[in-house]
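**Student:** Structure file structure-v1.txt (compact mmCIF, C-alpha atoms) right here:
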```
# COMPACT_ATOMS: atom_id res chain seq x y z
CA MET A 1 85.79 174.18 74.13
CA LEU A 2 88.38 172.16 76.02
CA VAL A 3 88.95 172.83 79.73
CA THR A 4 92.33 171.67 81.01
CA GLY A 5 93.99 171.74 84.38
CA SER A 6 95.80 175.04 84.84
CA VAL A 7 99.14 173.29 85.45
CA ASN A 8 98.98 171.47 82.11
CA ARG A 9 97.54 174.19 79.88
CA LEU A 10 100.86 175.30 78.38
CA LYS A 11 101.86 171.66 77.78
CA MET A 12 98.58 170.81 76.03
CA LEU A 13 98.37 173.88 73.81
CA PRO A 14 101.26 173.00 71.41
CA TRP A 15 100.05 169.37 71.29
CA LEU A 16 96.58 170.50 70.20
CA GLN A 17 98.01 172.95 67.69
CA HIS A 18 100.21 170.23 66.23
CA HIS A 19 97.31 167.80 65.76
CA ALA A 20 95.09 170.53 64.28
CA GLN A 21 97.49 170.93 61.35
CA GLY A 22 96.07 169.69 58.08
CA ARG A 23 92.53 169.55 59.49
CA LYS A 24 89.51 171.82 59.18
CA ALA A 25 90.22 173.10 62.68
CA TYR A 26 92.26 175.67 64.51
CA VAL A 27 93.15 176.12 68.17
CA THR A 28 92.89 179.38 70.12
CA ASP A 29 93.87 179.77 73.77
CA ILE A 30 91.12 181.91 75.36
CA THR A 31 92.18 181.33 78.97
CA ALA A 32 92.79 185.01 79.68
CA ALA A 33 89.34 185.96 78.39
CA ILE A 34 87.35 183.53 80.56
CA ALA A 35 86.77 183.46 84.33
CA PHE A 36 85.76 180.17 85.90
CA PRO A 37 83.86 180.49 89.20
CA THR A 38 82.78 177.11 90.57
CA ILE A 39 79.82 176.56 92.91
CA GLN A 40 79.88 173.20 94.71
CA GLY A 41 77.86 171.73 97.55
CA PRO A 42 74.42 170.39 98.47
CA ARG A 43 72.76 173.82 98.15
CA SER A 44 74.53 174.89 94.95
CA ARG A 45 71.45 174.37 92.76
CA GLU A 46 69.23 176.34 95.15
CA LEU A 47 71.73 179.19 95.20
CA LEU A 48 72.05 179.45 91.44
CA LYS A 49 68.26 179.23 90.96
CA ALA A 50 67.94 182.26 93.26
CA LEU A 51 70.47 184.12 91.11
CA ILE A 52 69.77 182.92 87.54
CA ALA A 53 66.11 182.94 86.53
CA ASP A 54 66.44 182.08 82.83
CA ALA A 55 68.15 178.66 83.06
CA ASP A 56 66.60 175.23 83.72
CA LEU A 57 68.91 174.07 86.49
CA ASP A 58 66.51 171.37 87.72
CA GLY A 59 66.59 169.67 84.33
CA LEU A 60 70.33 170.07 83.76
CA LYS A 61 71.97 166.63 83.78
CA ARG A 62 75.54 165.91 84.86
CA TRP A 63 78.14 166.61 82.12
CA SER A 64 75.63 168.93 80.39
CA PHE A 65 75.61 172.70 79.69
CA THR A 66 73.07 175.46 79.63
CA SER A 67 73.21 179.25 79.75
CA GLY A 68 71.57 182.09 81.60
CA HIS A 69 72.14 185.64 82.81
CA VAL A 70 73.23 187.31 86.00
CA GLY A 71 72.19 190.89 85.37
CA GLU A 72 73.61 191.70 81.95
CA THR A 73 76.32 189.02 82.15
CA ARG A 74 75.74 185.90 80.05
CA VAL A 75 76.88 182.82 81.95
CA LEU A 76 77.62 179.39 80.48
CA ILE A 77 76.68 176.86 83.18
CA SER A 78 78.14 173.36 83.29
CA ARG A 79 76.92 170.73 85.75
CA THR A 80 80.41 169.50 86.51
CA GLY A 81 83.06 169.67 89.20
CA VAL A 82 85.78 167.65 90.88
CA THR A 83 84.58 167.78 94.49
CA GLY A 84 82.17 164.83 94.46
CA GLU A 85 79.32 167.17 95.43
CA LEU A 86 76.37 168.50 93.48
CA GLY A 87 77.94 171.42 91.68
CA PHE A 88 78.16 173.77 88.74
CA GLU A 89 81.08 175.40 86.92
CA LEU A 90 80.47 178.82 85.40
CA PHE A 91 82.19 180.39 82.40
CA VAL A 92 81.96 184.19 82.18
CA PRO A 93 83.84 186.99 80.42
CA ALA A 94 86.88 187.80 82.55
CA ASP A 95 86.14 191.53 82.62
CA GLU A 96 82.69 190.83 84.12
CA ALA A 97 83.89 188.34 86.73
CA ALA A 98 84.19 190.77 89.65
CA SER A 99 80.54 191.84 89.46
CA LEU A 100 79.45 188.19 89.15
CA TRP A 101 81.55 187.26 92.20
CA ASP A 102 79.91 190.04 94.19
CA ALA A 103 76.46 188.83 93.14
CA LEU A 104 77.31 185.24 94.11
CA MET A 105 78.60 186.23 97.54
CA ARG A 106 75.63 188.54 98.13
CA THR A 107 73.04 185.89 97.23
CA GLY A 108 75.12 183.17 98.85
CA ARG A 109 74.90 184.69 102.32
CA ASP A 110 71.48 183.07 102.74
CA PHE A 111 72.88 179.67 101.68
CA GLY A 112 76.02 179.53 103.82
CA LEU A 113 78.28 180.12 100.81
CA LYS A 114 82.02 180.34 101.55
CA PRO A 115 85.03 180.65 99.27
CA TYR A 116 87.20 177.53 99.01
CA GLY A 117 90.61 176.92 97.51
CA VAL A 118 92.54 174.36 95.50
CA LEU A 119 93.62 172.30 98.52
CA ALA A 120 90.01 171.86 99.65
CA MET A 121 89.11 170.81 96.12
CA PHE A 122 91.98 168.31 96.06
CA THR A 123 91.08 166.61 99.32
CA LEU A 124 87.43 166.29 98.25
CA GLY A 125 88.58 164.87 94.92
CA LEU A 126 90.80 162.40 96.77
CA GLU A 127 87.83 161.14 98.80
CA LYS A 128 86.06 160.45 95.49
CA ALA A 129 89.23 159.03 93.88
CA TYR A 130 89.08 161.40 90.91
CA PRO A 131 92.37 160.96 89.03
CA ALA A 132 94.07 164.29 88.35
CA HIS A 133 96.18 164.82 85.24
CA GLY A 134 99.77 165.64 86.18
CA ILE A 135 99.33 163.97 89.58
CA ASP A 136 97.71 160.56 89.20
CA MET A 137 98.18 160.24 85.46
CA ASP A 138 100.46 161.67 82.79
CA GLU A 139 101.80 160.82 79.34
CA SER A 140 103.34 157.58 80.66
CA ARG A 141 100.01 156.06 81.74
CA THR A 142 96.76 155.40 79.93
CA PRO A 143 93.09 155.58 80.97
CA PHE A 144 93.33 151.83 81.62
CA HIS A 145 95.85 152.51 84.40
CA VAL A 146 93.51 154.80 86.36
CA GLY A 147 90.18 153.05 85.83
CA LEU A 148 88.89 155.41 83.11
CA ASP A 149 88.79 152.86 80.28
CA ARG A 150 84.96 152.98 80.27
CA TRP A 151 85.32 156.30 78.44
CA ILE A 152 87.28 154.70 75.56
CA LYS A 153 85.04 153.80 72.60
CA PHE A 154 87.05 151.74 70.12
CA ASP A 155 84.02 151.35 67.83
CA LYS A 156 83.74 155.06 67.06
CA GLY A 157 86.47 155.28 64.43
CA ASP A 158 90.08 156.41 64.58
CA PHE A 159 91.51 158.76 67.20
CA VAL A 160 94.93 159.80 68.43
CA GLY A 161 96.44 156.95 70.45
CA ARG A 162 93.93 154.29 69.38
CA GLU A 163 96.51 151.69 68.31
CA ALA A 164 98.58 152.20 71.46
CA LEU A 165 95.50 151.78 73.65
CA LEU A 166 94.49 148.60 71.82
CA LYS A 167 97.92 147.15 72.60
CA VAL A 168 97.50 147.99 76.30
CA ARG A 169 94.02 146.47 76.33
CA ASP A 170 95.19 143.26 74.68
CA LYS A 171 98.38 142.89 76.73
CA GLY A 172 96.83 143.78 80.08
CA LEU A 173 98.34 145.78 82.94
CA ASP A 174 101.05 145.02 85.44
CA GLU A 175 99.96 147.77 87.84
CA GLN A 176 96.76 149.40 89.09
CA TRP A 177 95.75 152.72 90.64
CA VAL A 178 94.37 151.95 94.09
CA GLY A 179 93.24 153.62 97.30
CA LEU A 180 95.07 153.40 100.62
CA ILE A 181 94.01 154.22 104.17
CA LEU A 182 96.97 155.22 106.33
CA ASP A 183 97.55 154.89 110.04
CA GLY A 184 98.42 158.02 112.00
CA ASP A 185 97.62 161.63 111.17
CA LYS A 186 100.26 162.55 108.56
CA PRO A 187 99.77 162.28 104.80
CA ALA A 188 102.46 160.63 102.67
CA ALA A 189 104.60 162.58 100.23
CA THR A 190 103.86 162.42 96.52
CA ASP A 191 106.07 159.74 94.91
CA ALA A 192 106.74 158.13 98.31
CA LYS A 193 107.63 154.45 97.91
CA VAL A 194 105.08 151.87 98.97
CA LEU A 195 106.57 148.67 100.40
CA ALA A 196 105.15 145.19 100.98
CA ASP A 197 107.28 143.25 103.47
CA GLY A 198 110.26 145.34 102.38
CA GLU A 199 109.61 144.75 98.68
CA ASP A 200 108.98 147.70 96.35
CA ALA A 201 105.25 147.67 95.61
CA GLY A 202 104.73 151.07 93.91
CA ILE A 203 104.48 154.81 94.55
CA VAL A 204 102.02 157.24 96.11
CA THR A 205 100.41 159.72 93.70
CA TYR A 206 98.57 161.89 96.23
CA SER A 207 97.85 161.79 99.96
CA ASP A 208 95.86 164.06 102.26
CA HIS A 209 93.37 164.11 105.11
CA GLY A 210 89.94 162.81 104.21
CA TYR A 211 87.99 165.16 106.42
CA SER A 212 84.62 163.60 105.60
CA LEU A 213 85.91 160.26 106.89
CA GLY A 214 88.31 161.36 109.62
CA LYS A 215 91.13 159.32 108.06
CA VAL A 216 94.37 159.93 106.17
CA LEU A 217 93.96 158.72 102.59
CA ALA A 218 96.21 158.16 99.60
CA THR A 219 96.09 156.96 96.04
CA ALA A 220 98.98 154.96 94.58
CA HIS A 221 100.13 153.05 91.53
CA LEU A 222 100.88 149.53 92.80
CA ARG A 223 102.06 146.38 91.09
CA LEU A 224 99.27 143.85 90.70
CA PRO A 225 100.30 141.37 93.41
CA PHE A 226 99.75 144.13 96.00
CA THR A 227 96.48 145.72 94.86
CA ALA A 228 93.90 143.48 96.52
CA VAL A 229 91.62 145.22 99.04
CA GLY A 230 92.93 144.58 102.54
CA THR A 231 96.58 144.18 101.53
CA GLU A 232 98.82 145.60 104.27
CA LEU A 233 101.62 147.85 103.08
CA SER A 234 104.12 150.33 104.50
CA ILE A 235 105.06 153.92 103.56
CA ASP A 236 107.90 155.97 105.01
CA ILE A 237 106.42 159.18 106.42
CA GLY A 238 108.90 161.53 108.09
CA GLY A 239 111.42 158.73 108.51
CA LYS A 240 108.91 156.42 110.20
CA PRO A 241 107.39 153.30 108.55
CA THR A 242 103.63 153.84 108.51
CA ARG A 243 101.05 151.13 107.93
CA ALA A 244 98.74 151.50 104.93
CA VAL A 245 95.91 149.22 103.83
CA ALA A 246 94.54 148.91 100.30
CA ALA A 247 90.91 150.05 100.33
CA PRO A 248 87.99 150.22 97.87
CA ILE A 249 87.59 153.48 95.96
CA PRO A 250 85.91 155.89 95.97
CA PHE A 251 86.48 156.23 99.70
CA PHE A 252 83.42 158.45 100.22
CA ASP A 253 79.86 158.28 98.87
CA PRO A 254 80.56 155.39 96.46
CA GLU A 255 76.94 155.43 95.23
CA GLY A 256 77.24 159.06 94.12
CA ALA A 257 74.15 160.20 96.05
CA ARG A 258 75.68 163.60 96.79
CA LEU A 259 76.41 164.21 93.10
CA ARG A 260 72.74 163.73 92.33
CA GLY A 261 71.78 166.27 94.98
```
Could the structure of this file be written out as structure tokens, please?
**Tutor:**
Amino acid sequence: MLVTGSVNRLKMLPWLQHHAQGRKAYVTDITAAIAFPTIQGPRSRELLKALIADADLDGLKRWSFTSGHVGETRVLISRTGVTGELGFELFVPADEAASLWDALMRTGRDFGLKPYGVLAMFTLGLEKAYPAHGIDMDESRTPFHVGLDRWIKFDKGDFVGREALLKVRDKGLDEQWVGLILDGDKPAATDAKVLADGEDAGIVTYSDHGYSLGKVLATAHLRLPFTAVGTELSIDIGGKPTRAVAAPIPFFDPEGARLRG
């Protein structure tokens, strides 16, 4: 089962179908059949333990799956999420999602549970510097460009894109995905130019308020001379040059203590 971002699903589907040809595999889009409630936050494990008795949530490691039941509904439980918090993503039959939602909200009253939306998820992901496909990375950039090269295992045989990635590894990069802390209280626009003493240094990929830090944050692809932590840069925000400083990422909880719960 492959979970994609909703924006890119229709782009990825024909690519997967194309590469499945001639293999002992086939691709089926089951998006409409699956609902995807996500429980994130420091009390998410406690909440789900109160609701799901037949799953070992204490022993469930990050990036791992288990299953359990809420009433008669079978729930696939994944210890994943893009908020930087302890959290779980649930996969349930779409026609049983409403009753599951009601059960979550009912049980969640004792845990301070509140619904949250995509923008809240994005700003939390920005604080953790989680690169988002279609925003921070696309078909023109590789995992090397966004600091995800630790996930590439060249010693595990052939895979789509292997030769291209080897060329990038051997040649090296001329740009890097970095974090910026902005002056003022206004985020920068996506694709806003980043300048260094008037020279084009790169572009912003995403900017928003980092509410956990009380600062305006951004991520950007910058050319290597301008990526060092502490480098002072400038971004036009609403027609006004705004100071930005290259900062270490992740911005928040770099040790990942909150993810461990």
**Student:** Between A:Thr107, A:Thr219, A:Gln21, A:Ser44, which has the minimum distance to Leu90 in chain A (counting all atoms listed in the file)?
**Tutor:**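 Checking each candidate against Leu90 in chain A, we get A:Ser44 as the closest.
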**Student:** Hey, which of A:Phe91, A:Val216, A:Gly198, A:Leu166 ends up closest to Glu232 in chain A? Count only C-alpha atoms.
**Tutor:**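 When distances to Glu232 in chain A are compared using only C-alpha atoms, the smallest one comes from A:Gly198.
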**Student:** Which of these, A:Asn8, A:Thr80, A:Ser212, A:Thr66, has the shortest distance to Pro37 in chain A once you count all atoms listed in the file?
**Tutor:**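 Ranked by minimum distance to Pro37 in chain A, first place goes to A:Thr80.
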**Student:** Could you pull the residues within 10 Å of Gly238 in chain A, counting all atoms listed in the file, minus those fewer than 6 positions along the same chain, as number ranges by chain?
**Tutor:** A: 186-189
**Student:** Would you tabulate, counting all atoms listed in the file, all residues of range 99-214 of chain A that have an atom at most 12 Å from an atom of range 47-65 of chain A, showing the closest pair of atoms and their distance in Å to one decimal, sorted by chain then ascending number, as a Markdown table?
**Tutor:**
```
| residue | atom | partner | partner_atom | distance |
| --- | --- | --- | --- | --- |
| A:Leu100 | CA | A:Leu51 | CA | 10.1 |
| A:Trp101 | CA | A:Leu51 | CA | 11.6 |
| A:Asp102 | CA | A:Leu51 | CA | 11.6 |
| A:Ala103 | CA | A:Leu51 | CA | 7.9 |
| A:Leu104 | CA | A:Leu51 | CA | 7.6 |
| A:Met105 | CA | A:Leu47 | CA | 10.1 |
| A:Arg106 | CA | A:Leu51 | CA | 9.8 |
| A:Thr107 | CA | A:Leu51 | CA | 6.9 |
| A:Gly108 | CA | A:Leu47 | CA | 6.4 |
| A:Arg109 | CA | A:Leu47 | CA | 9.5 |
| A:Asp110 | CA | A:Leu47 | CA | 8.5 |
| A:Phe111 | CA | A:Leu47 | CA | 6.6 |
| A:Gly112 | CA | A:Leu47 | CA | 9.6 |
| A:Leu113 | CA | A:Leu47 | CA | 8.7 |
```
**Student:** Using all atoms listed in the file, which of A:Leu259, A:Arg169, A:Asp174, A:Met121 sits nearest Asp208 in chain A?
**Tutor:** A:Met121
**Student:** Measuring between all atoms listed in the file, which one of A:Phe159, A:Tyr116, A:Trp177, A:Tyr211 shows the shortest distance to Ala129 in chain A?
**Tutor:**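 Among the listed residues, the smallest separation from Ala129 in chain A belongs to A:Trp177.
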**Student:** Grab all the atoms of range 192-201 of chain A that the file lists, wrap them in a box along x, y and z, add 4 Å per side, and give me centre plus edge lengths in Å (one decimal) as lines of an AutoDock Vina configuration file.
**Tutor:**
```
center_x = 107.7
center_y = 150.7
center_z = 99.5
size_x = 13.2
size_y = 22.9
size_z = 15.9
```
**Student:** Mind pulling up the distance from CA of Val194 in chain A to CA of Leu233 in chain A?
**Tutor:** 6.7 Å
**Student:** Counting all atoms listed in the file, figure out which residue out of A:Met12, A:Met1, A:Ala196, A:Leu222 gets nearest to Asp138 in chain A.
**Tutor:**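 Counting all atoms listed in the file, the residue closest to Asp138 in chain A is A:Met12.
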